[in-house]
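Student: You'll find structure22.csv just under this line, and it carries CSV, C-alpha atoms.
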chain,number,residue,atom,x,y,z
N,163,MET,CA,144.4,76.0,112.6
N,164,PHE,CA,144.0,72.3,112.1
N,165,ILE,CA,140.5,72.9,110.6
N,166,ASN,CA,142.0,75.1,107.9
N,167,VAL,CA,144.5,72.5,106.8
N,168,LEU,CA,141.7,69.9,106.8
N,169,SER,CA,139.2,72.0,104.7
N,170,VAL,CA,141.9,73.0,102.2
N,171,SER,CA,142.9,69.4,101.7
N,172,ILE,CA,139.3,68.3,101.4
N,173,ALA,CA,138.7,71.0,98.7
N,174,ILE,CA,141.9,70.0,96.8
N,175,THR,CA,141.1,66.3,97.0
N,176,PHE,CA,137.6,67.0,95.7
N,177,LEU,CA,138.8,69.0,92.8
N,178,VAL,CA,141.4,66.4,91.9
N,179,VAL,CA,138.8,63.6,92.1
N,180,VAL,CA,136.4,65.5,89.8
N,181,LEU,CA,139.1,66.3,87.2
N,182,GLU,CA,140.3,62.6,87.3
N,183,LEU,CA,136.8,61.4,86.7
N,184,VAL,CA,136.5,63.7,83.7
N,185,ARG,CA,139.9,62.5,82.4
N,186,ARG,CA,138.8,58.9,82.7
N,187,GLN,CA,135.5,59.7,81.0
N,188,ARG,CA,133.5,58.6,84.0
N,189,LEU,CA,131.9,62.0,84.2
N,190,ARG,CA,130.9,64.1,81.3
N,191,GLU,CA,132.4,67.6,81.0
N,192,GLN,CA,129.0,69.3,80.9
N,193,TYR,CA,128.1,67.8,84.3
N,194,SER,CA,131.6,68.3,85.8
N,195,LEU,CA,131.5,72.1,85.4
N,196,LEU,CA,129.2,72.6,88.3
N,197,TRP,CA,131.3,70.4,90.5
N,198,ILE,CA,134.5,72.2,89.5
N,199,LEU,CA,132.9,75.5,90.3
N,200,PHE,CA,131.8,74.1,93.7
N,201,SER,CA,135.3,72.9,94.6
N,202,ILE,CA,136.9,76.2,93.6
N,203,VAL,CA,134.5,78.1,95.8
N,204,LEU,CA,135.2,75.6,98.6
N,205,LEU,CA,139.0,76.1,98.2
N,206,THR,CA,138.7,79.9,98.1
N,207,VAL,CA,136.7,80.0,101.3
N,208,SER,CA,139.0,77.5,103.1
N,209,LEU,CA,142.1,79.6,102.2
N,210,ASN,CA,140.5,82.8,103.1
N,211,VAL,CA,138.6,82.6,106.4
N,212,SER,CA,138.3,86.4,106.7
N,213,LEU,CA,136.4,86.4,103.4
N,214,MET,CA,133.8,84.1,104.9
N,215,GLU,CA,133.5,86.3,107.9
N,216,TRP,CA,133.1,89.4,105.8
N,217,ILE,CA,130.3,87.7,103.8
N,218,ALA,CA,128.6,86.6,107.1
N,219,ASP,CA,128.9,90.1,108.4
N,220,GLN,CA,127.4,91.6,105.3
N,221,LEU,CA,124.4,89.2,105.4
N,222,GLY,CA,124.0,89.8,109.1
N,223,VAL,CA,124.8,86.2,110.1
N,224,LYS,CA,126.2,85.9,113.6
N,225,TYR,CA,127.7,82.5,113.1
N,226,ALA,CA,130.0,82.6,110.0
N,227,PRO,CA,130.0,78.8,109.2
N,228,ALA,CA,126.2,79.0,108.8
N,229,VAL,CA,126.8,80.9,105.6
N,230,LEU,CA,128.7,77.8,104.4
N,231,PHE,CA,125.8,75.5,105.2
N,232,LEU,CA,123.4,77.9,103.4
N,233,PHE,CA,125.4,78.0,100.2
N,234,GLY,CA,126.2,74.2,100.4
N,235,LEU,CA,122.5,73.5,100.7
N,236,LEU,CA,121.5,75.8,97.8
N,237,PHE,CA,124.2,74.2,95.7
N,238,CYS,CA,122.8,70.7,96.5
N,239,PHE,CA,119.3,71.7,95.6
N,240,SER,CA,120.3,73.2,92.3
N,241,LEU,CA,122.3,70.2,91.4
N,242,ILE,CA,119.4,67.8,92.3
N,243,LEU,CA,117.1,69.9,90.2
N,244,HIS,CA,119.6,69.7,87.3
N,245,LEU,CA,119.7,65.9,87.7
N,246,THR,CA,115.9,65.6,87.6
N,247,ILE,CA,115.9,67.7,84.4
N,248,VAL,CA,118.5,65.3,82.9
N,249,ILE,CA,116.4,62.3,84.0
N,250,THR,CA,113.3,63.7,82.3
N,251,LYS,CA,115.2,64.1,79.1
N,252,LEU,CA,116.7,60.6,79.4
N,253,THR,CA,113.2,59.1,80.1
N,254,SER,CA,111.7,60.6,76.9
N,255,GLN,CA,114.7,59.5,74.9
N,256,VAL,CA,114.4,55.9,76.2
N,257,LEU,CA,110.6,55.9,75.5
N,258,ARG,CA,111.2,57.1,72.0
N,259,LEU,CA,113.8,54.4,71.4
N,260,THR,CA,111.5,51.7,72.9
N,261,GLN,CA,108.7,52.8,70.5
N,262,GLU,CA,111.1,52.6,67.6
N,263,VAL,CA,112.3,49.1,68.7
N,264,ALA,CA,108.7,47.9,69.0
N,265,ILE,CA,107.9,49.1,65.5
N,266,LEU,CA,111.1,47.8,63.9
N,267,LYS,CA,110.7,44.4,65.6
N,268,ALA,CA,107.2,44.0,64.1
N,269,ARG,CA,108.6,45.0,60.7
N,270,GLU,CA,111.5,42.6,61.0
N,271,ALA,CA,109.1,39.7,61.8
N,272,LEU,CA,107.1,40.5,58.8
N,273,TYR,CA,110.1,40.5,56.4
N,274,GLY,CA,111.4,37.3,58.0
N,275,LYS,CA,108.2,35.6,57.1
N,276,ASN,CA,108.3,36.7,53.4
N,277,ASN,CA,111.9,35.6,52.9
B,233,MET,CA,86.6,64.6,51.0
B,234,LYS,CA,87.1,60.9,51.2
B,235,THR,CA,84.2,58.6,52.0
B,236,MET,CA,84.2,56.2,54.9
B,237,LYS,CA,85.0,53.2,52.7
B,238,THR,CA,88.1,54.8,51.0
B,239,MET,CA,89.6,56.1,54.2
B,240,LYS,CA,92.5,54.0,55.3
B,241,THR,CA,91.6,53.2,58.9
B,242,LEU,CA,93.6,51.8,61.8
B,243,ILE,CA,92.2,50.6,65.1
B,244,ILE,CA,94.8,50.9,67.9
B,245,ILE,CA,94.3,48.7,70.9
B,246,PRO,CA,96.8,49.1,73.8
B,247,ALA,CA,96.8,45.9,75.8
B,248,TYR,CA,98.6,45.0,79.1
B,249,ASN,CA,97.7,41.5,80.2
B,250,GLU,CA,94.4,41.3,78.5
B,251,GLU,CA,94.4,37.6,77.3
B,252,GLY,CA,90.9,37.2,78.6
B,253,SER,CA,89.3,39.8,76.4
B,254,ILE,CA,91.5,40.6,73.5
B,255,ALA,CA,90.3,37.9,71.1
B,256,ALA,CA,86.6,38.9,71.6
B,257,VAL,CA,87.5,42.6,71.1
B,258,ILE,CA,89.3,41.8,67.8
B,259,ALA,CA,86.5,39.5,66.6
B,260,ASP,CA,84.0,42.3,67.4
B,261,ILE,CA,85.9,44.8,65.3
B,262,ARG,CA,86.3,42.4,62.4
B,263,GLY,CA,82.5,41.8,62.5
B,264,HIS,CA,81.6,45.5,62.3
B,265,VAL,CA,84.4,47.2,60.3
B,266,PRO,CA,86.2,44.4,58.3
B,267,GLU,CA,88.0,47.0,56.1
B,268,ALA,CA,89.9,48.5,59.1
B,269,ASP,CA,93.4,47.3,60.1
B,270,ILE,CA,94.0,46.4,63.7
B,271,VAL,CA,97.2,47.0,65.6
B,272,VAL,CA,97.5,45.8,69.2
B,273,ILE,CA,100.2,47.5,71.3
B,274,ASN,CA,101.2,44.8,73.6
B,275,ASP,CA,102.7,46.8,76.5
B,276,GLY,CA,105.1,44.3,78.0
B,277,SER,CA,102.3,41.8,78.9
B,278,THR,CA,103.4,38.8,81.0
B,279,ASP,CA,100.5,36.6,79.8
B,280,ARG,CA,99.5,35.3,76.4
B,281,THR,CA,98.1,38.6,75.1
B,282,GLU,CA,100.6,38.7,72.2
B,283,GLU,CA,100.0,35.2,71.0
B,284,ILE,CA,96.2,35.5,71.2
B,285,ALA,CA,96.2,38.8,69.4
B,286,LYS,CA,98.3,37.5,66.6
B,287,ALA,CA,96.2,34.3,66.3
B,288,SER,CA,93.1,36.6,66.0
B,289,GLY,CA,94.7,38.2,63.0
B,290,ALA,CA,95.8,41.6,64.4
B,291,ASN,CA,99.2,43.2,63.9
B,292,VAL,CA,101.0,43.3,67.2
B,293,LEU,CA,103.7,45.7,68.3
B,294,THR,CA,105.3,44.4,71.4
B,295,MET,CA,107.0,46.8,73.8
B,296,PRO,CA,110.1,45.3,75.4
B,297,TYR,CA,108.9,46.3,78.8
B,298,ASN,CA,105.8,48.1,80.2
B,299,VAL,CA,105.9,51.8,79.1
B,300,GLY,CA,102.5,52.7,80.4
B,301,ILE,CA,99.4,53.7,78.6
B,302,GLY,CA,100.6,57.0,77.1
B,303,GLY,CA,103.8,55.6,75.7
B,304,GLY,CA,102.0,52.6,74.3
B,305,MET,CA,99.2,54.6,72.7
B,306,GLN,CA,101.7,57.0,71.1
B,307,THR,CA,103.5,54.0,69.5
B,308,GLY,CA,100.2,53.3,67.8
B,309,TYR,CA,100.0,56.9,66.5
B,310,ILE,CA,103.6,56.8,65.3
B,311,TYR,CA,102.8,53.6,63.5
B,312,ALA,CA,99.7,55.1,62.0
B,313,ARG,CA,101.6,58.1,60.8
B,314,ARG,CA,104.3,56.1,59.1
B,315,GLN,CA,101.9,53.8,57.4
B,316,GLY,CA,99.9,56.7,56.1
B,317,TYR,CA,96.5,56.0,57.7
B,318,ASP,CA,93.7,58.6,57.3
B,319,VAL,CA,92.0,57.7,60.5
B,320,ALA,CA,93.3,56.1,63.7
B,321,VAL,CA,90.8,54.9,66.3
B,322,GLN,CA,91.9,54.1,69.9
B,323,MET,CA,90.0,51.5,71.7
B,324,ASP,CA,90.3,49.6,75.0
B,325,ALA,CA,91.3,46.0,75.1
B,326,ASP,CA,89.0,45.1,78.0
B,327,GLY,CA,85.8,45.1,75.9
B,328,GLN,CA,84.2,48.3,77.3
B,329,HIS,CA,84.1,49.9,73.9
B,330,PRO,CA,81.6,48.2,71.6
B,331,ALA,CA,82.8,47.9,67.9
B,332,LYS,CA,79.3,48.5,66.6
B,333,GLU,CA,79.9,52.2,67.5
B,334,LEU,CA,83.0,52.4,65.3
B,335,PRO,CA,81.3,53.3,62.0
B,336,LYS,CA,79.7,56.3,63.8
B,337,LEU,CA,83.2,57.5,65.0
B,338,ILE,CA,85.0,56.9,61.8
B,339,GLU,CA,82.3,58.6,59.7
B,340,GLN,CA,82.6,61.8,61.8
B,341,ALA,CA,86.4,61.6,61.6
B,342,SER,CA,86.1,62.9,58.0
B,343,ARG,CA,84.6,66.2,59.3
B,344,TYR,CA,86.5,66.6,62.5
B,345,ASP,CA,90.1,66.3,63.6
B,346,LEU,CA,89.1,64.2,66.7
B,347,VAL,CA,85.9,62.4,67.5
B,348,ILE,CA,85.3,61.3,71.1
B,349,GLY,CA,82.9,58.5,72.0
B,350,SER,CA,81.1,59.9,75.0
B,351,ARG,CA,79.3,57.4,77.3
B,352,TYR,CA,75.7,58.2,78.1
B,353,VAL,CA,75.4,54.9,79.8
B,354,GLU,CA,77.5,55.3,82.9
B,355,SER,CA,79.9,52.5,83.7
B,356,THR,CA,79.2,51.4,87.2
B,357,SER,CA,81.7,48.6,87.6
B,358,TYR,CA,83.9,50.8,89.7
B,359,ARG,CA,83.6,50.7,93.5
B,360,SER,CA,82.8,54.3,94.1
B,361,PRO,CA,80.9,55.5,91.0
B,362,TYR,CA,79.8,58.6,92.9
B,363,MET,CA,83.4,59.9,93.4
B,364,ARG,CA,84.2,59.0,89.9
B,365,ARG,CA,81.3,60.9,88.6
B,366,ILE,CA,82.4,64.0,90.6
B,367,GLY,CA,85.9,63.6,89.1
B,368,MET,CA,84.5,63.4,85.6
B,369,ILE,CA,82.3,66.4,86.0
B,370,PHE,CA,85.3,68.3,87.5
B,371,PHE,CA,87.5,67.5,84.5
B,372,SER,CA,84.7,68.3,82.0
B,373,GLN,CA,84.3,71.7,83.6
B,374,LEU,CA,88.0,72.4,83.7
B,375,VAL,CA,88.5,71.5,80.1
B,376,THR,CA,85.4,73.4,79.1
B,377,LEU,CA,86.8,76.5,80.9
B,378,LEU,CA,90.3,76.2,79.4
B,379,THR,CA,89.3,75.4,75.8
B,380,ARG,CA,85.9,77.3,75.6
B,381,GLN,CA,84.3,74.2,74.2
B,382,GLN,CA,81.7,72.1,75.9
B,383,PHE,CA,82.9,68.5,76.7
B,384,THR,CA,80.9,65.9,78.5
B,385,ASP,CA,83.3,62.9,78.6
B,386,THR,CA,86.9,64.0,78.8
B,387,THR,CA,88.2,60.7,80.2
B,388,SER,CA,86.8,58.6,77.4
B,389,GLY,CA,89.5,56.5,75.7
B,390,PHE,CA,87.2,55.7,72.7
B,391,ARG,CA,88.4,58.2,70.0
B,392,ALA,CA,88.9,58.5,66.3
B,393,ALA,CA,91.7,60.8,65.1
B,394,GLY,CA,92.2,62.2,61.6
B,395,ARG,CA,95.6,62.9,60.0
B,396,LYS,CA,96.2,66.2,61.8
B,397,VAL,CA,95.7,64.6,65.2
B,398,ILE,CA,97.7,61.5,64.3
B,399,ASP,CA,100.7,63.8,63.5
B,400,LEU,CA,100.2,65.8,66.7
B,401,TYR,CA,100.0,62.7,68.9
B,402,ALA,CA,103.0,61.1,67.2
B,403,SER,CA,104.9,64.2,68.2
B,404,TYR,CA,103.6,64.5,71.7
B,405,TYR,CA,101.4,62.4,73.9
B,406,PRO,CA,101.1,62.6,77.7
B,407,ILE,CA,102.8,59.7,79.5
B,408,ASP,CA,100.3,58.7,82.2
B,409,TYR,CA,96.6,59.4,82.4
B,410,PRO,CA,96.7,61.0,79.0
B,411,GLU,CA,93.0,61.4,78.0
B,412,VAL,CA,92.2,64.8,79.5
B,413,GLU,CA,95.5,66.5,78.8
B,414,SER,CA,95.6,65.3,75.3
B,415,LEU,CA,92.3,67.2,74.6
B,416,VAL,CA,93.7,70.5,75.8
B,417,TYR,CA,96.9,69.9,73.8
B,418,LEU,CA,94.8,69.4,70.6
B,419,LYS,CA,92.7,72.5,71.2
B,420,ARG,CA,95.9,74.5,71.7
B,421,HIS,CA,96.9,73.4,68.2
B,422,GLY,CA,93.6,74.5,66.7
B,423,CYS,CA,92.0,71.1,66.2
B,424,LYS,CA,88.3,70.7,65.7
B,425,ILE,CA,86.9,68.2,68.2
B,426,THR,CA,83.4,66.7,68.6
B,427,GLU,CA,81.7,64.2,70.8
B,428,VAL,CA,79.3,61.5,69.7
B,429,SER,CA,77.2,59.5,72.0
B,430,THR,CA,78.3,55.9,72.3
B,431,GLU,CA,77.3,53.1,74.4
B,432,MET,CA,79.9,51.6,76.7
B,433,HIS,CA,80.0,48.2,78.4
B,434,ARG,CA,81.4,47.2,81.7
B,435,ARG,CA,84.8,45.7,81.3
B,436,LYS,CA,84.8,42.0,80.5
B,437,ALA,CA,88.1,41.1,82.1
B,438,GLY,CA,90.9,42.8,84.0
B,439,ARG,CA,90.7,45.6,86.5
B,440,SER,CA,90.6,49.4,86.2
B,441,SER,CA,94.1,50.8,86.5
B,442,ILE,CA,92.7,53.5,88.9
B,443,THR,CA,92.5,52.3,92.5
B,444,PRO,CA,91.1,54.5,95.2
B,445,ALA,CA,94.7,55.1,96.5
B,446,ARG,CA,95.8,56.3,93.0
B,447,SER,CA,92.8,58.5,92.4
B,448,VAL,CA,94.1,61.3,94.5
B,449,TYR,CA,97.3,61.3,92.6
B,450,TYR,CA,95.3,61.0,89.4
B,451,MET,CA,93.2,64.1,90.2
B,452,ILE,CA,96.2,66.3,91.2
B,453,LYS,CA,98.4,65.1,88.3
B,454,VAL,CA,95.8,65.5,85.6
B,455,THR,CA,94.7,68.9,86.9
B,456,PHE,CA,98.3,70.1,87.0
B,457,SER,CA,99.1,68.7,83.5
B,458,VAL,CA,96.0,70.2,82.0
B,459,ILE,CA,96.7,73.7,83.4
B,460,MET,CA,100.4,73.4,82.2
B,461,SER,CA,99.3,72.3,78.8
B,462,ALA,CA,96.9,75.2,78.5
B,463,MET,CA,99.8,77.6,79.4
B,464,ARG,CA,102.3,76.0,77.0
B,465,TYR,CA,103.4,77.6,73.7
B,466,ASN,CA,102.2,75.4,70.9
B,467,ARG,CA,105.7,74.5,69.7
B,468,THR,CA,106.0,70.9,68.8
B,469,ALA,CA,108.9,68.9,67.5
B,470,VAL,CA,107.8,67.0,64.4
B,471,ILE,CA,108.6,63.3,64.5
B,472,LYS,CA,109.0,61.8,61.1
Once more with this new file: its structure as structure tokens, please.
Tutor:
Amino acid sequence: MFINVLSVSIAITFLVVVLELVRRQRLREQYSLLWILFSIVLLTVSLNVSLMEWIADQLGVKYAPAVLFLFGLLFCFSLILHLTIVITKLTSQVLRLTQEVAILKAREALYGKNN
Amino acid sequence: MKTMKTMKTLIIIPAYNEEGSIAAVIADIRGHVPEADIVVINDGSTDRTEEIAKASGANVLTMPYNVGIGGGMQTGYIYARRQGYDVAVQMDADGQHPAKELPKLIEQASRYDLVIGSRYVESTSYRSPYMRRIGMIFFSQLVTLLTRQQFTDTTSGFRAAGRKVIDLYASYYPIDYPEVESLVYLKRHGCKITEVSTEMHRRKAGRSSITPARSVYYMIKVTFSVIMSAMRYNRTAVIK
């Protein structure tokens, strides 16, 4: 039963770390929600091994932990997709700022000359 | 309708390390269209482009770092919009677009939303002109198919834009390899576009940004962007 104790403690530690990061404002709430959801699912599965086995059975998976890998992987993919969406948004915001800075700098140089 | 002389005209020249050719390009413009204002978008050059452009009498907008051709060009259109220009002409800094063709483009810009300078003299400075030709024909066919308008030179960067296009480009402009996609974008927004035949020179200095290794990426990226652009709802955030 050692593995159960281990997985429960990992899930709890993870949840605490995420909450602590949000509390210290190192992680924005909007991005933390996915992680919190993930750790709660992890905790539920760790506490309830028969649930995992039931899901594996329903899906026709012979080796129950494989279901964990499947969902873990899917979660990683969706999170990475989410991150690239965020990067795209940030890139356009930075570009817009850069353009404004270039225009303002030129205007400032012009006024500096007149004064 | 305003005549050519009363239209407030801006020439936008994006430049990245073009110290060898920028002075000649600006002098060429001054000689042919002295009434037009010139703005050089110095896209994070590491050479003396900014200094030389200023000394030649152009306005210079210097990007704090290199943002790429699309971002730089759009800066010019945002500037044109804020300063209330009637016509904005984009032109290369390497000397391949002759200023003597400018009056022709600007004159047509009073009748059309966008005027493209199309090269009938093929530029042959590139190593594999044959492949390049195939690429250009492919893009012309693709854009013609998607927009139902005949285009011969979709990759030309020699263009004059009226107020409607200045506004549209200030709101959205493709980031890299923008020429082809920007046409489809304009057609989606109901712009009237025409091509006029212009001569083009070989570049005087600098190198083409498109190396053989990049051309595959170029083809795929542009084709994908063009198709996506054609499928997009024409909903654009207006940038003041």
Student: Would you kindly report the residues of chain B within 12 Å of chain N, using only C-alpha atoms, as a PyMOL selection string?
Tutor: chain B and resi 271-276+282+286+290-315+402-407+471-472
Student: Quick one: distance from CA of Arg380 (chain B) to CA of His329 (chain B) in Å, one decimal?
Tutor: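 Computing it gives 27.5 Å between the two atoms.
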Student: Which polymer residues have any atom within 12 Å of an atom of region 232-248 of chain N, counting only C-alpha atoms, with same-chain residues fewer than 2 positions away left out, as JSON, numbers by chain?
Tutor: {"N": [192, 193, 194, 195, 196, 197, 199, 200, 201, 203, 204, 207, 214, 217, 218, 221, 223, 225, 226, 227, 228, 229, 230, 250, 251, 252, 253, 254, 255]}
Student: Calculated over all atoms listed in the file, which of the candidates B:Ala392, B:Ile284, B:Leu377, B:Ala259 has the smallest distance to Lys336 (chain B)?
Tutor: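 For Lys336 (chain B), the nearest of the candidates is B:Ala392.
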Student: At what distance in Å, to one decimal, does CA of Ile270 (chain B) lie from CA of Glu333 (chain B)?
Tutor: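 So the answer is 15.7 Å.
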Student: Around (85.5, 40.4, 74.0), as given in the file, which residues come within 9 Å? Count all atoms listed in the file and list them as an MDAnalysis selection string.
Tutor: chainID B and resid 252:260 325:328 436:437
Student: Please provide as a ChimeraX atom specification all residues within 12 Å of Ile165 (chain N), with the sequence filter that same-chain residues fewer than 5 positions apart are discarded (counting only C-alpha atoms).
Tutor: /N:170-172,208-209,211
Student: How many Å separate CA of Gln322 (chain B) from CA of Val454 (chain B)?
Tutor: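 Computed distance, CA of Gln322 (chain B) to CA of Val454 (chain B), equals 19.8 Å.
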Student: Counting only C-alpha atoms, figure out which residue out of B:Leu346, B:Phe370, B:Thr379, B:Arg351 gets nearest to Leu400 (chain B).
Tutor: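 Between B:Leu346, B:Phe370, B:Thr379, B:Arg351, the residue approaching Leu400 (chain B) most closely is B:Leu346.
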Student: Which residue gives the smallest distance to Thr376 (chain B) among B:Gly389, B:Leu415, B:Pro410, B:Gly263, with all atoms listed in the file counted?
Tutor: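 Residue with the minimum atom-to-atom distance to Thr376 (chain B): B:Leu415.
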Student: Ranking B:Tyr465, B:Tyr401, B:Phe383, B:Tyr449 by minimum distance to Arg420 (chain B) and counting all atoms listed in the file, which one comes first?
Tutor: B:Tyr465
Student: Please determine, counting only C-alpha atoms, which residue among B:Ser288, B:Ser350, B:Ser447, B:Gln381 has the shortest atom-to-atom distance to Cys423 (chain B).
Tutor: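 Checking each of B:Ser288, B:Ser350, B:Ser447, B:Gln381 against Cys423 (chain B), counting only C-alpha atoms, the winner is B:Gln381.
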Student: Closest to Ser277 (chain B) among B:Ile398, B:Ala247, B:Ile366, B:Val347, using only C-alpha atoms?
Tutor: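 Going through B:Ile398, B:Ala247, B:Ile366, B:Val347 one by one, the smallest distance to Ser277 (chain B) is for B:Ala247.
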